[in-house]
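J.: Structure supplied as upload-v5.cif; contents: mmCIF, C-alpha atoms.
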```
data_input
loop_
_atom_site.group_PDB
_atom_site.id
_atom_site.type_symbol
_atom_site.label_atom_id
_atom_site.label_comp_id
_atom_site.auth_asym_id
_atom_site.auth_seq_id
_atom_site.Cartn_x
_atom_site.Cartn_y
_atom_site.Cartn_z
ATOM 1 C CA MET D 401 125.134 142.488 125.726
ATOM 2 C CA SER D 402 122.881 144.758 127.783
ATOM 3 C CA LEU D 403 124.203 147.503 130.059
ATOM 4 C CA ARG D 404 122.482 149.450 132.823
ATOM 5 C CA ILE D 405 122.138 153.247 132.765
ATOM 6 C CA ARG D 406 124.754 153.734 135.504
ATOM 7 C CA THR D 407 127.308 151.902 133.369
ATOM 8 C CA ILE D 408 126.349 153.942 130.290
ATOM 9 C CA ALA D 409 126.893 157.136 132.263
ATOM 10 C CA ARG D 410 130.362 155.948 133.292
ATOM 11 C CA LEU D 411 131.297 154.963 129.739
ATOM 12 C CA THR D 412 130.032 158.074 127.968
ATOM 13 C CA GLY D 413 130.430 160.829 130.555
ATOM 14 C CA ILE D 414 126.737 161.729 130.180
ATOM 15 C CA ARG D 415 124.905 161.927 133.517
ATOM 16 C CA GLU D 416 122.055 159.505 134.216
ATOM 17 C CA ALA D 417 119.604 162.382 134.687
ATOM 18 C CA THR D 418 120.609 163.792 131.286
ATOM 19 C CA LEU D 419 120.099 160.441 129.556
ATOM 20 C CA ARG D 420 116.624 160.155 131.082
ATOM 21 C CA ALA D 421 115.805 163.732 130.016
ATOM 22 C CA TRP D 422 116.921 163.008 126.433
ATOM 23 C CA GLU D 423 114.794 159.882 126.395
ATOM 24 C CA ARG D 424 111.685 161.784 127.540
ATOM 25 C CA ARG D 425 112.155 164.750 125.207
ATOM 26 C CA TYR D 426 113.713 163.243 122.089
ATOM 27 C CA GLY D 427 112.985 159.529 122.361
ATOM 28 C CA PHE D 428 116.764 158.998 122.417
ATOM 29 C CA PRO D 429 118.364 156.764 123.412
ATOM 30 C CA ARG D 430 115.850 153.904 123.326
ATOM 31 C CA PRO D 431 116.675 151.405 126.076
ATOM 32 C CA GLU D 432 114.795 148.200 126.587
ATOM 33 C CA ARG D 433 113.434 147.162 129.958
ATOM 34 C CA SER D 434 114.723 144.237 132.015
ATOM 35 C CA GLU D 435 112.485 141.848 133.939
ATOM 36 C CA ASN D 436 112.938 144.162 136.941
ATOM 37 C CA ASN D 437 111.928 147.170 134.795
ATOM 38 C CA TYR D 438 115.454 148.611 134.713
ATOM 39 C CA ARG D 439 116.653 150.414 131.607
ATOM 40 C CA VAL D 440 119.145 148.289 129.659
ATOM 41 C CA TYR D 441 121.143 149.527 126.678
ATOM 42 C CA SER D 442 122.760 147.772 123.736
ATOM 43 C CA ARG D 443 126.293 148.421 122.475
ATOM 44 C CA ASP D 444 124.797 150.298 119.504
ATOM 45 C CA GLU D 445 122.981 152.672 121.881
ATOM 46 C CA VAL D 446 126.241 153.314 123.769
ATOM 47 C CA GLU D 447 128.035 154.225 120.540
ATOM 48 C CA ALA D 448 125.149 156.474 119.490
ATOM 49 C CA VAL D 449 125.255 158.361 122.814
ATOM 50 C CA ARG D 450 129.002 158.774 122.483
ATOM 51 C CA ARG D 451 128.632 160.199 118.954
ATOM 52 C CA VAL D 452 126.013 162.670 120.190
ATOM 53 C CA ALA D 453 128.351 163.812 122.966
ATOM 54 C CA LYS D 454 131.192 164.292 120.465
ATOM 55 C CA LEU D 455 128.992 166.347 118.123
ATOM 56 C CA MET D 456 127.908 168.539 121.037
ATOM 57 C CA GLU D 457 131.574 169.154 121.893
ATOM 58 C CA GLU D 458 132.004 170.314 118.289
ATOM 59 C CA GLY D 459 129.275 172.933 118.761
ATOM 60 C CA LEU D 460 125.983 171.305 117.796
ATOM 61 C CA SER D 461 122.928 171.597 120.030
ATOM 62 C CA VAL D 462 121.626 168.418 121.621
ATOM 63 C CA SER D 463 118.656 168.276 119.223
ATOM 64 C CA GLU D 464 120.902 168.785 116.186
ATOM 65 C CA ALA D 465 123.387 166.154 117.384
ATOM 66 C CA ILE D 466 120.668 163.567 118.023
ATOM 67 C CA ALA D 467 119.074 164.253 114.633
ATOM 68 C CA GLN D 468 122.424 163.807 112.878
ATOM 69 C CA VAL D 469 123.192 160.545 114.661
ATOM 70 C CA ARG D 470 119.728 159.212 113.833
ATOM 71 C CA ASP D 471 120.309 159.967 110.158
ATOM 72 C CA GLU D 472 123.656 158.152 110.090
ATOM 73 C CA PRO D 473 123.651 154.782 108.365
ATOM 74 C CA ALA D 474 124.333 151.800 110.598
ATOM 75 C CA ARG D 475 128.077 151.346 111.120
ATOM 76 C CA THR D 476 129.274 147.935 110.058
ATOM 77 C CA LEU D 477 132.676 146.503 109.348
ATOM 78 C CA PRO D 478 133.472 145.738 105.741
ATOM 79 C CA PRO D 479 132.739 142.147 104.741
ATOM 80 C CA GLU D 480 135.630 139.749 105.012
ATOM 81 C CA PRO D 481 137.642 139.798 101.779
ATOM 82 C CA PRO D 482 137.503 136.457 99.947
ATOM 83 C CA ARG D 483 141.309 136.244 100.057
ATOM 84 C CA LEU D 484 141.147 135.622 103.800
ATOM 85 C CA GLU D 485 139.578 132.244 103.060
ATOM 86 C CA ARG D 486 143.045 131.321 101.837
ATOM 87 C CA PHE D 487 144.293 132.066 105.346
ATOM 88 C CA TRP D 488 141.966 129.419 106.790
ATOM 89 C CA THR D 489 142.902 126.956 104.053
ATOM 90 C CA ALA D 490 146.617 127.415 104.779
ATOM 91 C CA VAL D 491 146.032 127.056 108.518
ATOM 92 C CA MET D 492 144.089 123.818 108.023
ATOM 93 C CA MET D 493 147.134 122.479 106.131
ATOM 94 C CA LEU D 494 149.434 123.733 108.935
ATOM 95 C CA ASP D 495 151.115 125.914 106.319
ATOM 96 C CA ALA D 496 152.379 128.770 108.521
ATOM 97 C CA GLU D 497 154.311 130.432 105.697
ATOM 98 C CA GLY D 498 151.283 130.445 103.412
ATOM 99 C CA ALA D 499 148.990 131.800 106.123
ATOM 100 C CA ASP D 500 151.465 134.548 106.959
ATOM 101 C CA GLY D 501 151.688 135.446 103.276
ATOM 102 C CA VAL D 502 147.929 135.982 103.178
ATOM 103 C CA LEU D 503 148.210 138.314 106.176
ATOM 104 C CA SER D 504 150.825 140.327 104.303
ATOM 105 C CA GLU D 505 148.586 140.635 101.246
ATOM 106 C CA ALA D 506 145.607 141.675 103.389
ATOM 107 C CA GLN D 507 147.601 144.577 104.861
ATOM 108 C CA VAL D 508 148.178 146.312 101.525
ATOM 109 C CA GLY D 509 146.373 149.652 101.355
ATOM 110 C CA LEU D 510 145.174 149.619 104.976
ATOM 111 C CA ASP D 511 146.337 151.870 107.775
ATOM 112 C CA ALA D 512 147.202 150.348 111.144
ATOM 113 C CA THR D 513 143.787 150.609 112.782
ATOM 114 C CA ALA D 514 141.892 149.423 109.697
ATOM 115 C CA TYR D 515 144.199 146.400 109.326
ATOM 116 C CA CYS D 516 143.749 145.634 113.001
ATOM 117 C CA ASP D 517 139.940 145.992 112.995
ATOM 118 C CA THR D 518 138.982 144.494 109.640
ATOM 119 C CA VAL D 519 141.555 141.702 109.313
ATOM 120 C CA LEU D 520 143.481 140.665 112.416
ATOM 121 C CA ILE D 521 140.907 140.912 115.197
ATOM 122 C CA PRO D 522 138.075 139.275 113.174
ATOM 123 C CA LEU D 523 140.428 136.373 112.438
ATOM 124 C CA LEU D 524 141.243 135.972 116.129
ATOM 125 C CA ARG D 525 137.550 135.938 117.018
ATOM 126 C CA GLU D 526 136.766 133.151 114.571
ATOM 127 C CA MET D 527 139.559 130.775 115.528
ATOM 128 C CA THR D 528 137.893 128.945 118.394
ATOM 129 C CA SER D 529 134.874 128.009 116.288
ATOM 130 C CA ARG D 530 136.889 127.076 113.188
ATOM 131 C CA LEU D 531 140.012 125.320 114.421
ATOM 132 C CA ASP D 532 141.272 122.522 116.624
ATOM 133 C CA VAL D 533 143.751 123.304 119.384
ATOM 134 C CA ALA D 534 146.940 122.786 117.365
ATOM 135 C CA ARG D 535 145.799 124.911 114.433
ATOM 136 C CA GLU D 536 144.369 127.597 116.698
ATOM 137 C CA HIS D 537 147.735 127.907 118.477
ATOM 138 C CA MET D 538 149.565 128.289 115.183
ATOM 139 C CA ALA D 539 147.083 130.748 113.700
ATOM 140 C CA SER D 540 146.767 132.906 116.819
ATOM 141 C CA ALA D 541 150.551 133.096 117.125
ATOM 142 C CA LEU D 542 150.757 134.404 113.544
ATOM 143 C CA VAL D 543 148.056 137.028 114.115
ATOM 144 C CA ARG D 544 149.489 138.144 117.462
ATOM 145 C CA GLN D 545 152.914 138.465 115.849
ATOM 146 C CA ARG D 546 151.358 140.741 113.210
ATOM 147 C CA LEU D 547 149.715 142.851 115.914
ATOM 148 C CA ARG D 548 153.040 143.222 117.740
ATOM 149 C CA MET D 549 154.798 144.217 114.504
ATOM 150 C CA LEU D 550 152.019 146.676 113.765
ATOM 151 C CA LEU D 551 152.307 148.271 117.212
ATOM 152 C CA ALA D 552 156.112 148.405 117.108
ATOM 153 C CA GLY D 553 156.134 149.926 113.632
ATOM 154 C CA MET D 554 153.771 152.802 114.387
ATOM 155 C CA GLU D 555 155.391 156.190 114.813
ATOM 156 C CA ARG D 556 154.610 157.968 118.052
ATOM 157 C CA VAL D 557 152.955 161.334 117.499
ATOM 158 C CA GLY D 558 153.764 163.778 120.298
ATOM 159 C CA ASP D 559 153.925 163.095 124.010
ATOM 160 C CA GLY D 560 150.387 162.040 124.813
ATOM 161 C CA PRO D 561 149.196 160.241 127.937
ATOM 162 C CA ARG D 562 150.969 156.998 128.842
ATOM 163 C CA GLY D 563 149.029 153.768 129.004
ATOM 164 C CA LEU D 564 150.421 150.675 130.719
ATOM 165 C CA LEU D 565 148.780 147.606 129.172
ATOM 166 C CA ALA D 566 148.727 144.062 130.550
ATOM 167 C CA CYS D 567 146.773 140.856 130.947
ATOM 168 C CA PRO D 568 146.383 139.828 134.609
ATOM 169 C CA ALA D 569 147.974 136.733 136.119
ATOM 170 C CA LYS D 570 147.014 133.444 134.409
ATOM 171 C CA ASP D 571 145.463 135.234 131.419
ATOM 172 C CA HIS D 572 147.392 134.419 128.257
ATOM 173 C CA HIS D 573 145.136 135.879 125.537
ATOM 174 C CA GLU D 574 146.689 139.210 124.591
ATOM 175 C CA GLY D 575 145.184 139.803 121.142
ATOM 176 C CA GLY D 576 142.637 142.339 122.374
ATOM 177 C CA LEU D 577 145.299 144.052 124.456
ATOM 178 C CA LEU D 578 147.540 144.453 121.410
ATOM 179 C CA ALA D 579 144.636 145.891 119.423
ATOM 180 C CA LEU D 580 144.012 148.384 122.213
ATOM 181 C CA GLY D 581 147.657 149.401 122.025
ATOM 182 C CA VAL D 582 147.361 150.003 118.282
ATOM 183 C CA HIS D 583 144.334 152.249 118.731
ATOM 184 C CA LEU D 584 145.820 154.203 121.615
ATOM 185 C CA LYS D 585 149.099 154.751 119.797
ATOM 186 C CA ALA D 586 147.189 155.934 116.703
ATOM 187 C CA ARG D 587 145.587 158.560 118.948
ATOM 188 C CA GLY D 588 148.941 159.871 120.153
ATOM 189 C CA TRP D 589 149.238 157.869 123.368
ATOM 190 C CA ARG D 590 152.528 156.460 124.603
ATOM 191 C CA VAL D 591 151.989 152.732 125.034
ATOM 192 C CA THR D 592 153.931 150.309 127.219
ATOM 193 C CA LEU D 593 152.857 146.705 126.731
ATOM 194 C CA LEU D 594 153.653 144.180 129.453
ATOM 195 C CA GLY D 595 151.635 141.460 127.743
ATOM 196 C CA ALA D 596 150.142 138.200 128.972
ATOM 197 C CA ASP D 597 150.127 136.698 132.474
ATOM 198 C CA THR D 598 151.407 139.796 134.278
ATOM 199 C CA PRO D 599 151.510 139.431 138.089
ATOM 200 C CA ALA D 600 150.567 142.338 140.340
ATOM 201 C CA GLU D 601 154.185 142.760 141.509
ATOM 202 C CA ALA D 602 155.311 143.394 137.916
ATOM 203 C CA LEU D 603 152.593 145.996 137.462
ATOM 204 C CA GLN D 604 153.646 147.676 140.696
ATOM 205 C CA GLY D 605 157.255 147.947 139.571
ATOM 206 C CA ALA D 606 156.260 149.288 136.157
ATOM 207 C CA CYS D 607 153.928 151.875 137.701
ATOM 208 C CA ARG D 608 156.660 153.119 140.018
ATOM 209 C CA GLN D 609 159.092 153.499 137.153
ATOM 210 C CA LEU D 610 156.836 154.823 134.396
ATOM 211 C CA ARG D 611 154.141 156.691 136.345
ATOM 212 C CA PRO D 612 151.499 155.933 133.704
ATOM 213 C CA ASP D 613 148.302 157.934 133.314
ATOM 214 C CA VAL D 614 146.203 154.780 133.219
ATOM 215 C CA VAL D 615 146.642 151.019 133.620
ATOM 216 C CA ALA D 616 144.559 148.937 131.196
ATOM 217 C CA LEU D 617 143.901 145.264 131.943
ATOM 218 C CA SER D 618 142.385 142.726 129.546
ATOM 219 C CA PHE D 619 140.463 139.926 131.286
ATOM 220 C CA ILE D 620 139.715 137.291 128.641
ATOM 221 C CA ARG D 621 139.795 134.199 130.843
ATOM 222 C CA ARG D 622 136.562 133.761 132.764
ATOM 223 C CA ARG D 623 136.927 133.574 136.544
ATOM 224 C CA ASP D 624 134.634 132.890 139.437
ATOM 225 C CA ALA D 625 133.740 135.846 141.653
ATOM 226 C CA GLU D 626 136.273 135.041 144.360
ATOM 227 C CA ASP D 627 139.181 134.699 141.938
ATOM 228 C CA PHE D 628 138.198 137.901 140.135
ATOM 229 C CA VAL D 629 138.069 139.867 143.397
ATOM 230 C CA THR D 630 141.445 138.512 144.490
ATOM 231 C CA VAL D 631 143.208 139.296 141.213
ATOM 232 C CA LEU D 632 141.702 142.749 140.704
ATOM 233 C CA SER D 633 142.200 143.742 144.371
ATOM 234 C CA GLU D 634 145.887 142.893 144.117
ATOM 235 C CA VAL D 635 146.186 144.957 140.932
ATOM 236 C CA MET D 636 144.352 147.947 142.422
ATOM 237 C CA HIS D 637 146.655 147.903 145.440
ATOM 238 C CA ALA D 638 149.772 147.493 143.294
ATOM 239 C CA CYS D 639 148.871 150.312 140.877
ATOM 240 C CA ALA D 640 147.402 152.889 143.290
ATOM 241 C CA PRO D 641 146.875 155.781 142.797
ATOM 242 C CA VAL D 642 146.930 155.223 139.007
ATOM 243 C CA PRO D 643 143.429 154.724 137.526
ATOM 244 C CA VAL D 644 142.781 151.118 136.475
ATOM 245 C CA VAL D 645 140.499 150.402 133.511
ATOM 246 C CA VAL D 646 139.557 146.812 132.707
ATOM 247 C CA GLY D 647 137.871 145.178 129.736
ATOM 248 C CA GLY D 648 137.149 141.840 128.142
ATOM 249 C CA PRO D 649 134.579 139.059 128.678
ATOM 250 C CA GLY D 650 136.296 137.959 131.883
ATOM 251 C CA ALA D 651 135.522 141.365 133.416
ATOM 252 C CA ARG D 652 132.171 141.975 131.754
ATOM 253 C CA GLU D 653 130.391 139.493 133.980
ATOM 254 C CA HIS D 654 131.727 141.167 137.149
ATOM 255 C CA LEU D 655 130.833 144.810 136.453
ATOM 256 C CA LYS D 656 129.298 145.528 139.846
ATOM 257 C CA THR D 657 132.311 144.027 141.608
ATOM 258 C CA LEU D 658 134.914 145.938 139.615
ATOM 259 C CA PHE D 659 133.137 149.251 140.168
ATOM 260 C CA THR D 660 132.926 148.486 143.890
ATOM 261 C CA LEU D 661 136.681 147.863 143.958
ATOM 262 C CA GLY D 662 137.295 151.262 142.352
ATOM 263 C CA ALA D 663 138.171 150.163 138.809
ATOM 264 C CA GLN D 664 136.493 151.373 135.612
ATOM 265 C CA TYR D 665 135.285 149.398 132.612
ATOM 266 C CA ALA D 666 135.850 149.934 128.879
ATOM 267 C CA GLU D 667 135.589 147.803 125.757
ATOM 268 C CA SER D 668 137.466 149.992 123.288
ATOM 269 C CA ALA D 669 140.143 152.652 123.081
ATOM 270 C CA GLU D 670 137.428 155.298 122.757
ATOM 271 C CA GLU D 671 135.757 154.134 125.957
ATOM 272 C CA LEU D 672 139.067 153.949 127.812
ATOM 273 C CA ILE D 673 139.983 157.491 126.782
ATOM 274 C CA ALA D 674 136.543 158.772 127.793
ATOM 275 C CA VAL D 675 136.820 157.099 131.204
ATOM 276 C CA TRP D 676 140.338 158.467 131.711
ATOM 277 C CA GLN D 677 139.282 161.999 130.743
ATOM 278 C CA GLN D 678 136.333 161.795 133.119
ATOM 279 C CA ALA D 679 138.590 160.695 135.981
ATOM 280 C CA ARG D 680 141.134 163.413 135.182
ATOM 281 C CA ASN D 681 138.446 166.100 135.111
ATOM 282 C CA ALA D 682 137.137 164.893 138.463
ATOM 283 C CA GLN D 683 140.640 165.154 139.960
ATOM 284 C CA ASN D 684 141.081 168.697 138.638
ATOM 285 C CA ARG D 685 137.881 170.004 140.189
ATOM 286 C CA PRO D 686 138.470 172.298 143.174
#
```
In structure tokens, what does this structure look like?
T.:
Amino acid sequence: MSLRIRTIARLTGIREATLRAWERRYGFPRPERSENNYRVYSRDEVEAVRRVAKLMEEGLSVSEAIAQVRDEPARTLPPEPPRLERFWTAVMMLDAEGADGVLSEAQVGLDATAYCDTVLIPLLREMTSRLDVAREHMASALVRQRLRMLLAGMERVGDGPRGLLACPAKDHHEGGLLALGVHLKARGWRVTLLGADTPAEALQGACRQLRPDVVALSFIRRRDAEDFVTVLSEVMHACAPVPVVVGGPGAREHLKTLFTLGAQYAESAEELIAVWQQARNAQNRP
């Protein structure tokens, strides 16, 4: 996926002018050019910019931070353990107990975020290409149950910001939303999960009661432009003045629209936190 410089600035908190200055002086980041000669950035470039910003916050100069990030080895997830092949074998046999047993074994020795990122979410991503409808339903239910158990079993550390998490109306795929909850909770956030197919009225009631710091929506189901505008407009109205951050493939193809409506975009807990901090800092300016 390619992102424009304005989007990168929103996601990282680094001004467009600063990104252009870094590019001229340090050759970093290295965007490609679209057919219209616009700068476009990959996900790897976004992560690299974010790591530079973090190192600068820790006291490094911009040149030192860029040099360190350039020297870092490429970040890749560990390869899938062979034992997970037994998960797919059990699922193909419709052996729910056996598949769940493999998930238990795969959790040994992993903390919550590692288990989420290296086992559960990769399994969810592969299901559509591997399985028929019946087996996908069974397997996804097992993985989502594990994600819920993981989230419920995590101890809350302190009284951090509160995130209200939901999938919008008619969107039933909550795996990514649960993973977001795991990552936010691991970072000290208080997480309230409303789950799949949440209508705007339910979000409104929850916002009034909980007064969250941010509302996070996961759009997995793809929608045409009109439907997307309708659903997101209703959510923005229901949640105002709470900042709304959206993610997922169903939102990715409507970036210009969601920014126009006043929402923000993020694809990870790190991006959501960065967007929230940026909005909070803007509110606190005199």
J.: Written as a PyMOL selection string, which residues does the PyMOL selection byres ((chain D and resi 562) around 10) give for the file shown?
T.: chain D and resi 559-561+563-565+584-585+588-592+610-615
J.: Nearest to Ser668 of chain D among D:Val642, D:Met527, D:Ala409, D:Leu580, with distances taken over all atoms listed in the file: which residue is it?
T.: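 Counting all atoms listed in the file, the residue closest to Ser668 of chain D is D:Leu580.
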J.: Applied to this file, what does the PyMOL selection byres ((chain D and resi 522) around 12) return in terms of residues, put as a list in words?
T.: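 When the PyMOL selection byres ((chain D and resi 522) around 12) is applied, the selected residues are Leu477, Pro478, Pro479, Glu480, Pro481, Leu484, Ala514, Tyr515, Cys516, Asp517, Thr518, Val519, Leu520, Ile521, Leu523, Leu524, Arg525, Glu526, Met527, Thr528, Ser540, Val543, Gly575, Gly576 and Ala579 of chain D.
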J.: Run the PyMOL selection byres ((chain D and resi 650-666) around 9) against the file shown and list the residues it catches, as a ChimeraX atom specification.
T.: /D:407,410-411,618-623,625,628-629,632-633,636,643-649,667-676
J.: I'd like the neighbourhood of Leu578 of chain D as a list in words, where a residue qualifies if any of its atoms comes within 9 Å (using all atoms listed in the file), though same-chain residues fewer than 3 positions away should be ignored.
T.: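 These residues fall inside the cut-off: Arg544, Leu547, Arg548, Leu551, Leu565, Glu574, Gly575, Gly581, Val582, His583, Leu593 and Gly595 of chain D.
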J.: Which value, in Å to one decimal, gives the distance between atom CA of Leu510 of chain D and atom CA of Ala534 of chain D?
T.: 29.6 Å
J.: Calculated over all atoms listed in the file, which of the candidates D:Ala640, D:Val469, D:Leu542, D:Ala569 has the smallest distance to Ala499 of chain D?
T.: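 Under the stated criterion, the closest residue is D:Leu542.
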J.: Could you jot down the atom CA of Arg556 of chain D to atom CA of Arg587 of chain D separation for me, Å, one decimal place?
T.: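 Computed distance, atom CA of Arg556 of chain D to atom CA of Arg587 of chain D, equals 9.1 Å.
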